[in-house]
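Text of start22.txt, listed as compact mmCIF, C-alpha atoms and all ligand atoms:
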# COMPACT_ATOMS: atom_id res chain seq x y z
CA MET R 2 101.70 97.84 110.96
CA LYS R 3 101.25 101.23 112.61
CA ASN R 4 102.62 101.31 116.17
CA LYS R 5 103.48 97.66 115.97
CA SER R 6 106.96 96.78 117.16
CA LEU R 7 109.24 94.76 114.90
CA VAL R 8 110.82 92.23 117.21
CA SER R 9 110.88 89.00 115.24
CA ILE R 10 110.61 88.28 111.53
CA ASN R 11 107.68 86.05 112.51
CA ASP R 12 105.71 89.11 113.70
CA PHE R 13 105.12 90.24 110.12
CA THR R 14 102.98 88.59 107.47
CA LYS R 15 103.89 88.03 103.84
CA GLU R 16 101.82 91.12 102.96
CA ASP R 17 103.74 93.17 105.54
CA TYR R 18 107.05 92.06 103.98
CA LEU R 19 105.91 93.03 100.50
CA LYS R 20 104.68 96.41 101.69
CA ILE R 21 108.08 97.13 103.28
CA LEU R 22 109.90 96.05 100.10
CA ASP R 23 107.71 98.29 97.96
CA LEU R 24 108.29 101.24 100.29
CA ALA R 25 112.04 100.59 100.21
CA GLU R 26 111.93 100.77 96.42
CA GLY R 27 110.45 104.24 96.72
CA PHE R 28 113.20 105.30 99.11
CA GLU R 29 115.84 103.95 96.78
CA LYS R 30 114.53 106.23 94.03
CA ASN R 31 114.29 109.18 96.41
CA PRO R 32 116.12 108.62 99.71
CA SER R 33 115.68 112.13 101.13
CA GLN R 34 111.99 112.39 101.92
CA GLN R 35 111.50 114.64 104.94
CA VAL R 36 108.66 112.67 106.51
CA LEU R 37 110.29 112.35 109.92
CA THR R 38 110.60 116.08 110.61
CA GLY R 39 109.84 116.77 114.27
CA LYS R 40 110.24 113.11 115.26
CA VAL R 41 112.88 111.70 117.57
CA VAL R 42 114.29 108.18 117.21
CA ALA R 43 116.31 106.65 120.04
CA THR R 44 119.07 104.22 119.07
CA LEU R 45 119.96 102.21 122.16
CA PHE R 46 122.98 100.02 121.46
CA PHE R 47 123.72 98.07 124.61
CA GLU R 48 126.44 96.32 122.65
CA PRO R 49 128.38 97.89 119.83
CA SER R 50 127.41 97.19 116.23
CA THR R 51 128.66 100.12 114.25
CA ARG R 52 127.38 99.08 110.83
CA THR R 53 123.83 98.38 111.95
CA ARG R 54 123.70 101.57 114.02
CA LEU R 55 125.03 103.74 111.20
CA SER R 56 122.55 102.20 108.79
CA PHE R 57 119.61 103.07 111.07
CA GLU R 58 120.96 106.53 111.89
CA SER R 59 121.60 107.28 108.26
CA ALA R 60 118.02 106.21 107.48
CA VAL R 61 116.67 108.59 110.16
CA ASN R 62 118.87 111.44 108.95
CA HIS R 63 117.74 111.04 105.37
CA LEU R 64 114.15 111.22 106.58
CA GLY R 65 114.79 114.47 108.47
CA GLY R 66 114.36 112.97 111.95
CA ARG R 67 116.51 113.49 115.03
CA ILE R 68 118.48 110.89 116.94
CA ILE R 69 119.19 110.39 120.63
CA GLY R 70 120.81 107.40 122.28
CA PHE R 71 124.03 105.64 123.06
CA SER R 72 126.25 103.21 121.23
CA ASP R 73 127.92 101.39 124.07
CA SER R 74 126.45 100.38 127.41
CA ASN R 75 129.63 101.45 129.23
CA SER R 76 128.73 105.06 128.65
CA SER R 77 125.14 104.69 129.84
CA SER R 78 123.38 104.29 133.15
CA VAL R 79 123.44 100.53 132.55
CA THR R 80 126.86 100.42 134.19
CA LYS R 81 125.27 101.91 137.31
CA GLY R 82 123.04 98.85 137.47
CA GLU R 83 119.88 100.33 136.00
CA THR R 84 117.53 97.67 134.67
CA LEU R 85 116.54 97.43 131.02
CA LYS R 86 112.98 98.01 132.20
CA ASP R 87 113.81 101.41 133.73
CA THR R 88 115.96 102.51 130.79
CA ILE R 89 113.19 101.68 128.31
CA ARG R 90 110.51 103.32 130.41
CA ILE R 91 112.50 106.56 130.69
CA VAL R 92 113.64 106.67 127.06
CA SER R 93 110.04 106.08 125.92
CA ASN R 94 109.25 109.55 127.28
CA TYR R 95 111.77 111.19 125.03
CA CYS R 96 111.17 109.65 121.63
CA ASP R 97 108.69 108.36 119.04
CA LEU R 98 110.49 105.11 118.28
CA ILE R 99 113.21 102.98 119.85
CA VAL R 100 115.81 101.03 117.85
CA MET R 101 117.53 98.63 120.20
CA ARG R 102 120.42 96.20 120.13
CA HIS R 103 121.09 94.13 123.21
CA PRO R 104 123.24 91.09 123.98
CA TYR R 105 120.47 89.09 125.70
CA GLU R 106 117.98 87.05 123.71
CA GLY R 107 114.37 88.11 124.12
CA SER R 108 115.37 91.59 125.32
CA ALA R 109 113.62 93.27 122.39
CA ARG R 110 110.33 91.45 123.06
CA TYR R 111 110.56 92.50 126.68
CA ALA R 112 111.36 96.11 125.73
CA SER R 113 108.35 96.16 123.40
CA GLU R 114 106.13 95.22 126.35
CA ILE R 115 107.56 98.00 128.55
CA ALA R 116 107.89 100.78 125.97
CA THR R 117 105.04 103.18 125.23
CA VAL R 118 106.46 103.67 121.71
CA PRO R 119 107.21 100.99 119.07
CA VAL R 120 110.49 99.10 119.27
CA ILE R 121 112.59 97.88 116.35
CA ASN R 122 114.87 94.98 117.22
CA ALA R 123 118.32 95.65 115.79
CA GLY R 124 119.62 92.33 117.10
CA ASP R 125 119.01 90.52 120.41
CA GLY R 126 121.90 88.15 120.97
CA ALA R 127 121.74 85.15 118.66
CA ASN R 128 117.97 85.42 118.37
CA GLN R 129 116.53 87.86 115.82
CA HIS R 130 117.64 90.67 113.53
CA PRO R 131 114.56 91.23 111.35
CA SER R 132 115.73 94.29 109.42
CA GLN R 133 118.65 92.19 108.14
CA THR R 134 116.20 89.59 106.84
CA LEU R 135 114.06 92.23 105.14
CA LEU R 136 117.10 93.70 103.42
CA ASP R 137 118.05 90.20 102.29
CA LEU R 138 114.58 89.78 100.78
CA TYR R 139 114.88 93.17 99.14
CA SER R 140 118.24 92.26 97.65
CA ILE R 141 116.91 88.97 96.34
CA ARG R 142 113.84 90.55 94.73
CA LYS R 143 115.86 93.40 93.24
CA THR R 144 118.47 91.16 91.63
CA GLN R 145 116.13 88.39 90.47
CA GLY R 146 113.11 90.50 89.62
CA LYS R 147 110.95 88.20 91.79
CA LEU R 148 110.89 86.25 95.04
CA ASN R 149 109.05 83.15 93.87
CA ASP R 150 110.52 79.83 92.69
CA LEU R 151 114.21 80.55 93.26
CA ASN R 152 117.12 78.20 94.01
CA ILE R 153 118.67 79.53 97.20
CA PHE R 154 122.06 78.20 98.31
CA LEU R 155 122.90 78.82 101.96
CA ILE R 156 126.54 78.10 102.69
CA GLY R 157 128.61 77.98 105.88
CA ASP R 158 127.42 78.06 109.47
CA LEU R 159 123.81 76.96 109.24
CA LYS R 160 123.63 75.89 112.87
CA TYR R 161 124.21 79.17 114.68
CA GLY R 162 123.68 81.72 111.91
CA ARG R 163 120.57 83.67 112.90
CA THR R 164 120.46 85.49 109.53
CA VAL R 165 120.23 82.10 107.84
CA HIS R 166 117.40 80.91 110.10
CA SER R 167 115.35 84.06 109.62
CA LEU R 168 115.90 84.06 105.86
CA ILE R 169 114.77 80.43 105.63
CA MET R 170 111.56 81.29 107.46
CA ALA R 171 110.84 84.47 105.50
CA MET R 172 111.63 83.05 102.02
CA SER R 173 109.42 80.05 102.71
CA TYR R 174 106.38 82.08 101.67
CA PHE R 175 107.76 82.16 98.11
CA ASN R 176 108.18 78.52 97.12
CA PRO R 177 111.99 78.35 97.13
CA THR R 178 114.21 75.30 96.67
CA TYR R 179 116.93 75.36 99.30
CA HIS R 180 120.40 73.91 99.09
CA PHE R 181 122.04 73.80 102.50
CA VAL R 182 125.82 73.49 102.39
CA SER R 183 127.70 73.07 105.65
CA PRO R 184 130.14 70.83 107.50
CA ASP R 185 128.44 68.16 109.63
CA GLU R 186 129.14 70.09 112.79
CA LEU R 187 127.27 73.16 111.55
CA LYS R 188 124.25 71.57 109.90
CA LEU R 189 120.86 73.24 109.96
CA PRO R 190 118.99 72.40 113.21
CA ASP R 191 116.16 69.85 112.87
CA GLU R 192 113.43 72.29 113.91
CA TYR R 193 113.88 74.16 110.61
CA LYS R 194 113.79 70.96 108.58
CA ILE R 195 110.56 69.96 110.33
CA PHE R 196 109.15 73.38 109.47
CA LEU R 197 110.12 72.96 105.80
CA ASN R 198 108.70 69.45 105.65
CA ASN R 199 105.41 70.75 107.04
CA MET R 200 105.39 73.55 104.48
CA GLY R 201 106.16 71.09 101.66
CA ILE R 202 109.31 72.98 100.67
CA LYS R 203 112.13 71.17 98.86
CA TYR R 204 115.59 71.23 100.36
CA TYR R 205 118.86 69.37 99.87
CA GLU R 206 121.84 69.09 102.18
CA HIS R 207 125.40 69.02 100.90
CA LYS R 208 128.89 69.09 102.32
CA GLU R 209 130.46 70.74 99.28
CA PHE R 210 129.07 73.06 96.70
CA THR R 211 131.50 73.59 93.85
CA ASP R 212 129.91 71.11 91.43
CA ILE R 213 126.31 72.26 92.00
CA ILE R 214 126.37 76.05 92.09
CA SER R 215 125.55 76.32 88.39
CA GLU R 216 121.95 75.77 89.59
CA ALA R 217 121.95 78.71 92.00
CA ASP R 218 119.97 81.93 91.70
CA ILE R 219 121.27 83.19 95.03
CA ILE R 220 124.38 82.13 96.92
CA TYR R 221 124.14 83.29 100.52
CA MET R 222 127.53 82.91 102.20
CA THR R 223 128.02 83.05 105.97
CA ARG R 224 131.06 83.00 108.18
CA VAL R 225 132.31 79.70 109.56
CA GLN R 226 133.90 80.53 112.87
CA LYS R 227 136.80 78.46 114.10
CA GLU R 228 135.51 78.48 117.67
CA ARG R 229 132.32 76.66 116.59
CA PHE R 230 134.32 73.48 115.98
CA THR R 231 134.84 70.96 118.74
CA ASP R 232 137.72 69.45 116.76
CA PRO R 233 140.35 71.89 115.40
CA ILE R 234 141.49 69.31 112.81
CA GLU R 235 137.94 69.23 111.41
CA TYR R 236 138.10 72.98 111.03
CA GLU R 237 141.40 72.87 109.14
CA LYS R 238 139.93 70.23 106.82
CA THR R 239 136.72 72.14 106.09
CA LYS R 240 137.80 75.77 106.06
CA ASN R 241 138.99 75.77 102.44
CA ALA R 242 135.92 73.90 101.24
CA TYR R 243 133.84 76.97 102.01
CA GLU R 244 135.95 79.63 100.41
CA LEU R 245 134.27 81.11 97.34
CA ARG R 246 136.79 81.98 94.61
CA ASN R 247 136.25 83.87 91.39
CA PHE R 248 137.15 80.92 89.13
CA MET R 249 134.29 78.88 90.63
CA LEU R 250 131.72 81.31 89.25
CA SER R 251 132.35 80.75 85.53
CA ASN R 252 129.48 78.30 85.00
CA THR R 253 126.92 80.06 87.20
CA ARG R 254 123.68 81.60 85.93
CA PRO R 255 124.02 85.10 84.47
CA LYS R 256 121.58 86.61 86.98
CA MET R 257 123.02 84.73 89.98
CA ARG R 258 124.11 87.00 92.84
CA ILE R 259 126.26 86.43 95.91
CA LEU R 260 124.97 87.74 99.23
CA HIS R 261 126.66 87.88 102.65
CA PRO R 262 125.45 89.56 105.87
CA LEU R 263 129.01 90.89 106.45
CA PRO R 264 131.54 91.19 107.93
CA ARG R 265 133.29 88.47 105.97
CA VAL R 266 136.57 86.94 106.98
CA ASN R 267 137.89 84.53 104.37
CA GLU R 268 134.78 82.72 103.08
CA ILE R 269 134.67 85.01 100.02
CA ASN R 270 138.06 85.62 98.46
CA ILE R 271 138.66 89.26 97.50
CA ASP R 272 139.14 88.12 93.89
CA VAL R 273 135.33 87.76 93.80
CA ASP R 274 134.72 91.43 94.69
CA GLU R 275 135.05 92.79 91.15
CA ASN R 276 132.83 90.10 89.66
CA PRO R 277 129.43 91.60 88.72
CA LYS R 278 127.82 88.69 90.58
CA ALA R 279 129.25 89.94 93.88
CA TYR R 280 126.39 91.80 95.49
CA TYR R 281 127.26 92.00 99.21
CA PHE R 282 128.30 95.66 99.31
CA THR R 283 125.16 96.83 97.50
CA GLN R 284 123.20 94.54 99.81
CA ALA R 285 124.50 96.57 102.76
CA LEU R 286 123.41 99.81 101.06
CA ASN R 287 119.93 98.34 100.54
CA GLY R 288 119.78 98.12 104.32
CA MET R 289 119.34 101.87 104.56
CA TYR R 290 116.30 101.91 102.25
CA ILE R 291 114.78 98.98 104.09
CA ARG R 292 115.27 100.73 107.44
CA GLN R 293 113.66 103.88 106.06
CA ALA R 294 110.74 101.74 104.99
CA ILE R 295 110.43 99.98 108.35
CA ILE R 296 110.60 103.22 110.34
CA THR R 297 108.03 105.07 108.25
CA SER R 298 105.59 102.20 108.09
CA ILE R 299 105.77 101.56 111.85
CA LEU R 300 105.19 105.25 112.55
CA GLY R 301 102.27 105.22 110.13
CA LEU R 302 103.87 107.88 107.93
CA LYS R 303 103.69 105.82 104.74
CA MET D 15 94.78 46.67 150.71
CA ASN D 16 94.53 49.93 148.82
CA GLU D 17 92.89 51.52 151.87
CA ASN D 18 95.77 50.40 154.09
CA LYS D 19 98.25 52.17 151.86
CA GLN D 20 96.20 55.32 151.85
CA LEU D 21 96.17 55.22 155.62
CA LYS D 22 99.96 55.43 155.75
CA VAL D 23 99.31 59.10 155.23
CA SER D 24 96.28 59.84 157.32
CA ALA D 25 92.85 60.25 155.76
CA ILE D 26 91.31 63.70 155.47
CA LYS D 27 87.72 64.73 156.04
CA ASN D 28 87.45 67.44 153.40
CA GLY D 29 89.95 68.58 150.78
CA THR D 30 92.08 67.38 147.89
CA VAL D 31 94.28 64.34 147.48
CA ILE D 32 96.87 64.46 144.70
CA ASP D 33 98.02 60.97 143.82
CA HIS D 34 100.55 59.46 141.38
CA ILE D 35 103.19 62.17 141.70
CA PRO D 36 106.72 61.07 140.66
CA PRO D 37 108.68 61.17 143.98
CA ARG D 38 111.55 63.21 142.54
CA ASN D 39 109.07 65.95 141.62
CA LEU D 40 107.12 66.03 144.89
CA PHE D 41 108.70 69.28 146.04
CA LYS D 42 108.21 70.84 142.61
CA VAL D 43 104.49 70.13 142.91
CA ILE D 44 104.50 71.64 146.39
CA SER D 45 106.15 74.80 145.15
CA ILE D 46 104.03 75.12 141.97
CA LEU D 47 100.86 74.99 144.07
CA GLY D 48 102.38 77.30 146.67
CA LEU D 49 101.67 74.75 149.40
CA ASP D 50 104.68 75.95 151.33
CA LYS D 51 102.67 79.11 152.04
CA VAL D 52 99.34 77.46 152.87
CA GLU D 53 98.15 77.40 156.50
CA ASN D 54 95.89 74.37 156.12
CA GLN D 55 96.83 70.93 157.33
CA ILE D 56 98.90 69.12 154.71
CA THR D 57 100.25 65.60 154.85
CA PHE D 58 102.37 63.91 152.27
CA GLY D 59 103.98 60.58 151.72
CA THR D 60 106.69 59.70 149.27
CA ASN D 61 108.36 56.60 147.86
CA LEU D 62 105.12 54.70 148.26
CA GLU D 63 104.62 51.65 146.08
CA SER D 64 102.81 52.19 142.82
CA LYS D 65 101.93 49.72 140.10
CA LYS D 66 102.03 52.51 137.54
CA LEU D 67 105.11 54.48 138.51
CA GLY D 68 107.11 52.02 140.61
CA LYS D 69 107.29 54.60 143.36
CA LYS D 70 104.98 57.51 143.87
CA ALA D 71 104.27 60.41 146.14
CA ILE D 72 100.92 61.60 147.44
CA ILE D 73 99.76 64.90 148.95
CA LYS D 74 96.64 65.48 151.02
CA ILE D 75 95.50 69.01 151.63
CA SER D 76 92.65 69.66 154.07
CA ASP D 77 89.88 72.07 153.15
CA VAL D 78 91.49 73.23 149.92
CA TYR D 79 89.97 72.82 146.46
CA PHE D 80 91.87 73.96 143.38
CA LEU D 81 90.74 75.63 140.19
CA ASP D 82 91.48 73.60 137.04
CA ASP D 83 93.89 76.30 135.83
CA GLU D 84 95.88 76.10 139.04
CA ILE D 85 96.05 72.35 139.17
CA ASN D 86 96.90 71.93 135.48
CA LYS D 87 100.21 73.66 136.09
CA ILE D 88 101.48 70.57 137.89
CA ALA D 89 101.10 68.61 134.65
CA LEU D 90 104.56 69.94 133.76
CA VAL D 91 106.19 67.83 136.46
CA ALA D 92 103.50 65.25 137.24
CA PRO D 93 101.69 64.48 133.98
CA GLN D 94 100.09 61.31 135.40
CA ALA D 95 98.80 62.93 138.59
CA LYS D 96 95.25 62.13 139.66
CA LEU D 97 93.10 64.22 141.94
CA ASN D 98 90.52 63.03 144.39
CA ILE D 99 88.13 65.61 145.74
CA ILE D 100 87.05 64.60 149.26
CA ARG D 101 83.95 65.61 151.17
CA ASP D 102 83.13 64.00 154.45
CA TYR D 103 85.76 61.24 153.95
CA GLN D 104 84.20 60.30 150.59
CA VAL D 105 85.74 60.72 147.15
CA ILE D 106 83.10 62.79 145.37
CA GLU D 107 85.08 63.57 142.21
CA LYS D 108 88.17 62.33 140.38
CA LYS D 109 90.18 64.48 138.02
CA VAL D 110 93.22 64.09 135.81
CA VAL D 111 95.60 66.94 135.04
CA GLU D 112 95.97 68.44 131.59
CA VAL D 113 98.94 70.42 130.25
CA PRO D 114 97.79 74.03 129.66
CA ASP D 115 98.43 75.97 126.40
CA LYS D 116 100.42 78.70 128.07
CA ILE D 117 102.66 78.77 131.13
CA VAL D 118 103.16 82.07 132.94
CA GLY D 119 105.69 82.23 135.75
CA ILE D 120 106.53 78.87 137.36
CA VAL D 121 109.21 77.73 134.88
CA LYS D 122 112.70 79.15 134.35
CA CYS D 123 113.84 79.54 130.74
CA PHE D 124 116.54 77.02 129.94
CA ASN D 125 118.50 79.50 127.80
CA PRO D 126 121.20 81.15 129.95
CA LYS D 127 121.32 84.08 127.51
CA CYS D 128 117.59 84.75 127.81
CA ILE D 129 116.71 88.19 129.19
CA THR D 130 114.39 86.52 131.73
CA ASN D 131 117.46 85.04 133.42
CA HIS D 132 119.08 88.45 133.79
CA GLU D 133 116.28 90.71 134.85
CA ASN D 134 113.32 90.29 137.17
CA ILE D 135 110.78 89.20 134.54
CA VAL D 136 107.80 86.86 134.82
CA THR D 137 108.55 84.09 132.32
CA LYS D 138 106.03 83.22 129.60
CA PHE D 139 105.92 80.09 127.46
CA ILE D 140 103.72 78.70 124.74
CA VAL D 141 103.35 74.94 125.16
CA ALA D 142 104.87 73.59 121.92
CA SER D 143 104.16 69.95 122.73
CA LYS D 144 101.87 68.52 125.40
CA LYS D 145 103.00 64.91 125.09
CA ASP D 146 106.68 65.17 125.99
CA VAL D 147 106.14 68.63 127.40
CA SER D 148 108.19 71.27 125.57
CA LEU D 149 107.85 74.98 126.17
CA LYS D 150 108.69 77.79 123.75
CA CYS D 151 109.86 80.95 125.50
CA CYS D 152 107.84 84.00 124.43
CA TYR D 153 110.96 86.16 124.83
CA CYS D 154 114.00 84.33 123.42
CA GLU D 155 111.94 81.86 121.29
CA LYS D 156 114.05 78.90 122.50
CA ILE D 157 112.55 75.59 123.59
CA THR D 158 112.80 74.25 127.14
CA TYR D 159 112.27 70.47 127.14
CA GLN D 160 110.69 68.45 129.93
CA ASP D 161 113.95 67.18 131.42
CA GLN D 162 115.24 70.76 131.52
CA ILE D 163 112.27 72.20 133.40
CA VAL D 164 113.31 74.07 136.53
CA ILE D 165 110.65 75.66 138.71
CA VAL D 166 111.27 79.27 139.71
ZN ZN S 1 113.83 82.52 127.10

Starting from the file, lay out its structure as structure tokens.
Amino acid sequence: MKNKSLVSINDFTKEDYLKILDLAEGFEKNPSQQVLTGKVVATLFFEPSTRTRLSFESAVNHLGGRIIGFSDSNSSSVTKGETLKDTIRIVSNYCDLIVMRHPYEGSARYASEIATVPVINAGDGANQHPSQTLLDLYSIRKTQGKLNDLNIFLIGDLKYGRTVHSLIMAMSYFNPTYHFVSPDELKLPDEYKIFLNNMGIKYYEHKEFTDIISEADIIYMTRVQKERFTDPIEYEKTKNAYELRNFMLSNTRPKMRILHPLPRVNEINIDVDENPKAYYFTQALNGMYIRQAIITSILGLK
Amino acid sequence: MNENKQLKVSAIKNGTVIDHIPPRNLFKVISILGLDKVENQITFGTNLESKKLGKKAIIKISDVYFLDDEINKIALVAPQAKLNIIRDYQVIEKKVVEVPDKIVGIVKCFNPKCITNHENIVTKFIVASKKDVSLKCCYCEKITYQDQIVIV
């Protein structure tokens, strides 16, 4: 993996995933390992995403590295009309690694072609956000003790949710059974179903989930956004069907955990937060260990 | 009879004849092959009768022979195109076009949010399907389908 950019979850093999997860476990036990001393990481956030940026910057800080960059393209030369190409070429001179978020899809792949240092994609539009997927895998393995043979429920916006698409692809190495729960308008695109059929992976589609979640090992909730609906009446009808409430969890498996990429709006009621099965805040913390693992393995330090 | 039709666009002594082009894509073929920048004599006819296509277009280029790689690019817009290689007024070779595995340049990515539509970048696609041509963008990973293909 050394000097290889992480642009898309599809760039890494199953073995690469497992190596990152194992490294992350080490960082969880001992987060302050000064292996990045003397290294500079650039965080280029062409669109704001405070949580992702802080997670990466916290990872770098814990490793003893230094950070340069910007968190909003208004404050950078981008407003003066500089191309992404020129920005990347110049910043490459100043750092050992670039972490980039950009509103246009494919921008991270392009940056990885221009840059003379590795690039980590921290989100390119609706396309890819691979460190999120790796932290999802980490959270699943940590809570279930394994990745293989799990019942994964994906609930909400399965049409546009990039975290859902990447997780489906990544988990497919581990013989999961998927339950896809969404309103008709936000069903999983066919290309993913074709992929699963080719892989011989079992999946079921549902419109509601309350009577089946006793089967779940993982419930992965996503936001259903009002603006995704062509018909506002449809939205009003469906919005309550996808709100997870504490009372619904009484018959679920003891080890079952609830994940969410955050931020949530109202798809998980706050009465769930104190339930030991609510895992989404710890999931976000896991992101820091995963990012430490990604950075060190790309730089060949671990 | 066939000869008469061919003569509607004058015969050439040496060069390439590209036949069975869908008329609506004639100018796409011209631009893919860069014929608008070629100095050689070029004649074309369009909306000619064709048993296969209903209507077809045909291009005759004097003293130009194409590499397979070059000519295969037109398969995106003229999958049924046939080539006749002419020497001394005789057809010495016939060729059909074949969709390549990779398309560099030529096609615009269909995704308006793709970086290639916002910065001066040479587009790159992996051909996901050769039958009903579909192209997967190497940058944004989205698919551009045949009816969405726009030539840059
Ligand atoms: Zn694209």

* Asked: What gap, in Å, lies between atom CA of D:Lys74 and atom CA of D:Val43?
  ->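 Atom-to-atom, atom CA of D:Lys74 and atom CA of D:Val43 are spaced 12.2 Å apart.
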
* Select residues of chain R: the criterion is any atom within 8 Å of an atom of chain D, counting only C-alpha atoms; output as a PyMOL selection string. => chain R and resi 84-85+105-111+126+128

Report as a PDB file with C-alpha atoms, keeping the file's coordinate frame all protein, DNA and RNA residues lying within 9 Å of R:His261, evaluated on only C-alpha atoms, omitting residues in the same chain fewer than 6 positions from it.
ATOM      1  CA  ASP R 137     118.050  90.200 102.290  1.00  0.00           C
ATOM      2  CA  ILE R 220     124.380  82.130  96.920  1.00  0.00           C
ATOM      3  CA  TYR R 221     124.140  83.290 100.520  1.00  0.00           C
ATOM      4  CA  MET R 222     127.530  82.910 102.200  1.00  0.00           C
ATOM      5  CA  THR R 223     128.020  83.050 105.970  1.00  0.00           C
ATOM      6  CA  ARG R 224     131.060  83.000 108.180  1.00  0.00           C
ATOM      7  CA  ILE R 269     134.670  85.010 100.020  1.00  0.00           C
ATOM      8  CA  TYR R 280     126.390  91.800  95.490  1.00  0.00           C
ATOM      9  CA  TYR R 281     127.260  92.000  99.210  1.00  0.00           C
ATOM     10  CA  PHE R 282     128.300  95.660  99.310  1.00  0.00           C
ATOM     11  CA  GLN R 284     123.200  94.540  99.810  1.00  0.00           C
ATOM     12  CA  ALA R 285     124.500  96.570 102.760  1.00  0.00           C
TER      13      ALA R 285
END

* Enumerate, as an MDAnalysis selection string, the protein, DNA and RNA residues whose atoms approach (110.3, 70.1, 124.4) to within 8 Å, taking into account only C-alpha atoms and the coordinate frame of the file. => chainID D and resid 142:143 146:150 157:160

Residues near R:Thr297, anyone? I mean within 12 Å using only C-alpha atoms, not counting same-chain ones fewer than 6 positions away, as an mmCIF file with C-alpha atoms, in the frame of the given file.
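New file selection.cif:
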data_model
loop_
_atom_site.group_PDB
_atom_site.id
_atom_site.type_symbol
_atom_site.label_atom_id
_atom_site.label_comp_id
_atom_site.auth_asym_id
_atom_site.auth_seq_id
_atom_site.Cartn_x
_atom_site.Cartn_y
_atom_site.Cartn_z
ATOM 1 C CA MET R 2 101.700 97.840 110.960
ATOM 2 C CA LYS R 3 101.250 101.230 112.610
ATOM 3 C CA ASN R 4 102.620 101.310 116.170
ATOM 4 C CA LYS R 5 103.480 97.660 115.970
ATOM 5 C CA LYS R 20 104.680 96.410 101.690
ATOM 6 C CA ILE R 21 108.080 97.130 103.280
ATOM 7 C CA LEU R 24 108.290 101.240 100.290
ATOM 8 C CA ALA R 25 112.040 100.590 100.210
ATOM 9 C CA GLY R 27 110.450 104.240 96.720
ATOM 10 C CA PHE R 28 113.200 105.300 99.110
ATOM 11 C CA GLN R 34 111.990 112.390 101.920
ATOM 12 C CA GLN R 35 111.500 114.640 104.940
ATOM 13 C CA VAL R 36 108.660 112.670 106.510
ATOM 14 C CA LEU R 37 110.290 112.350 109.920
ATOM 15 C CA THR R 38 110.600 116.080 110.610
ATOM 16 C CA LYS R 40 110.240 113.110 115.260
ATOM 17 C CA VAL R 42 114.290 108.180 117.210
ATOM 18 C CA ALA R 60 118.020 106.210 107.480
ATOM 19 C CA VAL R 61 116.670 108.590 110.160
ATOM 20 C CA HIS R 63 117.740 111.040 105.370
ATOM 21 C CA LEU R 64 114.150 111.220 106.580
ATOM 22 C CA GLY R 65 114.790 114.470 108.470
ATOM 23 C CA GLY R 66 114.360 112.970 111.950
ATOM 24 C CA ASP R 97 108.690 108.360 119.040
ATOM 25 C CA LEU R 98 110.490 105.110 118.280
ATOM 26 C CA PRO R 119 107.210 100.990 119.070
ATOM 27 C CA ILE R 121 112.590 97.880 116.350
ATOM 28 C CA TYR R 290 116.300 101.910 102.250
ATOM 29 C CA ILE R 291 114.780 98.980 104.090
ATOM 30 C CA LYS R 303 103.690 105.820 104.740
#

* **Best match for closeness to ligand ZN 1 (chain S) among R:Leu159, R:Ala127, R:Ile89, R:Leu55, counting all atoms listed in the file** =>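 The shortest atom-to-atom distance to ligand ZN 1 (chain S) comes from R:Ala127.
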
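Between ligand ZN 1 (chain S) and the candidates D:Ile140, D:Val166, D:Cys123, D:Ala89, the tightest atom-to-atom separation, counting only C-alpha atoms and all ligand atoms, involves D:Cys123.
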
* Between R:Leu22, R:Val118, R:Glu192, R:Asn11, which is the closest to R:Ile299 once you count all atoms listed in the file? ->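 Smallest separation from R:Ile299 among the options: R:Val118.
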
* Using only C-alpha atoms and all ligand atoms, which residue out of D:Ile165, D:Ala71, D:Leu62, D:Val121 lies closest to ligand ZN 1 (chain S)? ->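 Comparing D:Ile165, D:Ala71, D:Leu62, D:Val121 against ligand ZN 1 (chain S), the winner is D:Val121.
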
* To do: Give me, please, the distance in Å between atom CA of R:Val182 and atom CA of R:Phe13, quoted to one decimal.
  =>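 Distance reported for this atom pair: 27.7 Å.
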
* Structure fact -> A straight line from atom CA of R:Val165 to atom CA of R:Thr134 spans 8.6 Å

* Asked: Can you tell me, as a PyMOL selection string, which residues sit within 12 Å of (113.6, 59.8, 136.7) in the file's frame, using all atoms listed in the file?
  -> chain D and resi 35-39+67-70+91-92+160-161

Each side padded by 5 Å, which centre and which edge lengths in Å (one decimal) define the axis-aligned box around the listed atoms of stretch 71-89 of chain D? Give them as lines of an AutoDock Vina configuration file.
center_x = 97.1
center_y = 68.4
center_z = 144.4
size_x = 24.4
size_y = 25.9
size_z = 29.4
